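The next block is final01.csv, given as CSV, C-alpha atoms.
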```csv
chain,number,residue,atom,x,y,z
F,1203,MET,CA,-10.7,-10.7,0.1
F,1204,GLU,CA,-12.0,-10.5,-3.5
F,1205,GLN,CA,-14.9,-8.3,-2.3
F,1206,LEU,CA,-12.4,-5.9,-0.6
F,1207,LEU,CA,-10.3,-5.7,-3.8
F,1208,GLN,CA,-13.4,-5.0,-5.9
F,1209,LYS,CA,-14.4,-2.2,-3.4
F,1210,ILE,CA,-10.9,-0.7,-3.6
F,1211,LYS,CA,-11.1,-0.8,-7.4
F,1212,LYS,CA,-14.4,1.0,-7.4
F,1213,LEU,CA,-13.2,3.6,-5.0
F,1214,SER,CA,-10.0,4.1,-7.0
F,1215,GLU,CA,-12.2,5.0,-10.0
F,1216,LYS,CA,-13.5,7.9,-8.0
F,1217,GLU,CA,-10.0,9.1,-7.1
F,1218,LYS,CA,-9.4,12.6,-8.4
F,1219,LYS,CA,-5.6,12.7,-7.9
F,1220,THR,CA,-3.5,12.5,-11.0
F,1221,LEU,CA,-1.1,9.5,-11.4
F,1222,GLU,CA,1.8,11.8,-10.3
F,1223,GLN,CA,-0.1,12.9,-7.2
F,1224,MET,CA,-0.9,9.3,-6.3
F,1225,VAL,CA,2.7,8.4,-6.5
F,1226,LEU,CA,3.6,11.3,-4.2
F,1227,LYS,CA,0.8,10.1,-1.9
F,1228,LEU,CA,2.3,6.6,-1.9
F,1229,THR,CA,5.7,8.1,-1.0
F,1230,GLU,CA,4.0,10.0,1.8
F,1231,GLU,CA,2.4,6.9,3.2
F,1232,VAL,CA,5.7,5.0,3.1
F,1233,GLY,CA,7.3,7.9,5.1
F,1234,GLU,CA,4.5,7.7,7.6
F,1235,THR,CA,5.2,3.9,7.9
F,1236,SER,CA,8.8,4.7,8.5
F,1237,GLN,CA,7.9,7.2,11.2
F,1238,ALA,CA,5.6,4.8,12.9
F,1239,MET,CA,8.3,2.1,12.9
F,1240,LEU,CA,10.9,4.4,14.3
F,1241,SER,CA,8.6,5.5,17.1
F,1242,TYR,CA,7.5,1.9,17.8
F,1243,ARG,CA,11.2,0.8,18.0
F,1244,GLN,CA,12.0,3.9,20.1
F,1245,ALA,CA,14.6,5.3,17.8
F,1246,SER,CA,16.4,8.3,19.0
F,1247,GLY,CA,14.3,11.4,18.3
F,1248,SER,CA,11.2,9.4,17.5
F,1249,GLU,CA,10.1,8.0,20.8
F,1250,TYR,CA,8.1,11.0,21.8
F,1251,LYS,CA,5.4,10.1,19.2
F,1252,LYS,CA,4.6,7.0,21.3
F,1253,LEU,CA,3.4,5.0,18.3
F,1254,ASP,CA,2.9,1.3,18.7
F,1255,LEU,CA,2.7,-1.9,16.6
F,1256,SER,CA,-0.9,-1.2,15.6
F,1257,ASP,CA,0.1,2.2,14.2
F,1258,VAL,CA,2.8,0.5,12.1
F,1259,LYS,CA,0.3,-2.0,10.8
F,1260,GLU,CA,-2.2,0.7,10.0
F,1261,GLU,CA,0.4,2.7,8.0
F,1262,CYS,CA,1.3,-0.5,6.1
F,1263,VAL,CA,-2.4,-0.9,5.1
F,1264,ASP,CA,-2.4,2.8,4.0
F,1265,VAL,CA,0.5,2.0,1.7
F,1266,ILE,CA,-1.3,-1.1,0.3
F,1267,LEU,CA,-4.5,0.9,-0.3
F,1268,VAL,CA,-2.7,3.7,-2.2
F,1269,ALA,CA,-0.6,1.2,-4.2
F,1270,LEU,CA,-3.7,-0.8,-5.2
F,1271,ALA,CA,-5.6,2.3,-6.1
F,1272,LEU,CA,-2.6,3.4,-8.3
F,1273,PHE,CA,-2.4,0.0,-9.9
F,1274,TYR,CA,-6.1,0.0,-10.7
F,1275,LYS,CA,-5.8,3.5,-12.3
F,1276,LEU,CA,-3.1,2.1,-14.5
F,1277,SER,CA,-4.8,-1.2,-15.5
F,1278,GLU,CA,-8.1,-2.0,-17.1
F,1279,ASP,CA,-7.5,-5.7,-17.0
F,1280,GLU,CA,-9.3,-7.5,-14.2
F,1281,ASN,CA,-6.8,-10.3,-14.1
F,1282,GLU,CA,-3.6,-8.3,-14.4
F,1283,LEU,CA,-3.1,-7.7,-10.7
F,1284,GLN,CA,-3.3,-11.4,-10.0
F,1285,ASP,CA,-1.0,-12.2,-12.8
F,1286,VAL,CA,1.6,-9.7,-11.8
F,1287,LEU,CA,1.4,-10.7,-8.1
F,1288,SER,CA,1.8,-14.3,-9.0
F,1289,LYS,CA,4.9,-13.6,-11.1
F,1290,LYS,CA,6.4,-11.4,-8.3
F,1291,VAL,CA,5.7,-14.0,-5.6
F,1292,ASP,CA,7.3,-16.7,-7.7
F,1293,LYS,CA,10.3,-14.5,-8.2
F,1294,TRP,CA,10.5,-13.7,-4.5
F,1295,SER,CA,10.1,-17.3,-3.7
F,1296,SER,CA,13.0,-18.3,-6.0
F,1297,VAL,CA,15.4,-16.0,-4.1
F,1298,MET,CA,14.2,-17.0,-0.7
F,1299,THR,CA,14.8,-20.7,-1.0
```
Could you rewrite the structure in this file as structure tokens?
Amino acid sequence: MEQLLQKIKKLSEKEKKTLEQMVLKLTEEVGETSQAMLSYRQASGSEYKKLDLSDVKEECVDVILVALALFYKLSEDENELQDVLSKKVDKWSSVMT
């Protein structure tokens, strides 16, 4: 996993989009995830796309990639992602128990 994160970080350094454009791209990917889920669950008006669970998962990964690239554009600190993730997971854990 660490190797993948390092590869994503290196690729994000090559990203030419501005921060604002990256946020818009993230929003676009979230929308595509929503579309895939609606089609997968055969929501009225969406079933014609015939998307399945693998499509939903793929769109989720697109969201993760864009979010990580955006984070790496905003942070120079190698350990910040892990620190922030740990804090957020702890917070999430506290409300789930």
- request: For F:Val1268, list every protein, DNA or RNA residue within 9 Å, evaluated using all atoms listed in the file, and leave out those in the same chain fewer than 4 positions away; present the list as a VMD selection string.
  value: chain F and resid 1214 1224 to 1225 1227 to 1228 1231 1263 to 1264 1272 to 1273
Can you tell me how far atom CA of F:Leu1240 sits from atom CA of F:Leu1253, in Å to one decimal?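 So the answer is 8.5 Å.
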Notebook entry, point to check: Rounded to one decimal in Å, what is the spacing between atom CA of F:Leu1226 and atom CA of F:Ala1271?
Noted result: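 Taking atom CA of F:Leu1226 as the start and atom CA of F:Ala1271 as the end point, the length is 13.0 Å.
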What is the atom CA of F:Thr1229-atom CA of F:Ala1269 distance in Å, reported with one decimal?
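Result for atom CA of F:Thr1229 versus atom CA of F:Ala1269: 9.9 Å, one decimal.
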Exercise for review: Would you list the contacts of F:Lys1251 as a ChimeraX atom specification, taking every protein, DNA or RNA residue within 9 Å and counting only C-alpha atoms, but skipping same-chain residues closer than 3 positions in sequence?
Suggested key: /F:1237-1238,1241-1242,1248
Query - Residue contacts of F:Glu1260 (12 Å, all atoms listed in the file) excluding same-chain residues fewer than 5 positions away, as a list in words - result: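 Selected residues are Glu1231, Val1232, Glu1234, Thr1235, Ser1236, Ala1238, Met1239, Leu1253, Asp1254, Leu1255, Val1265, Ile1266 and Leu1267 of chain F.
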**Asked** Can you tell me, as an MDAnalysis selection string, what residues are no more than 12 Å from F:Leu1283 when counting only C-alpha atoms, ignoring any on the same chain fewer than 3 positions away?
**Response** chainID F and resid 1204 1207:1208 1211 1269:1280 1286:1291
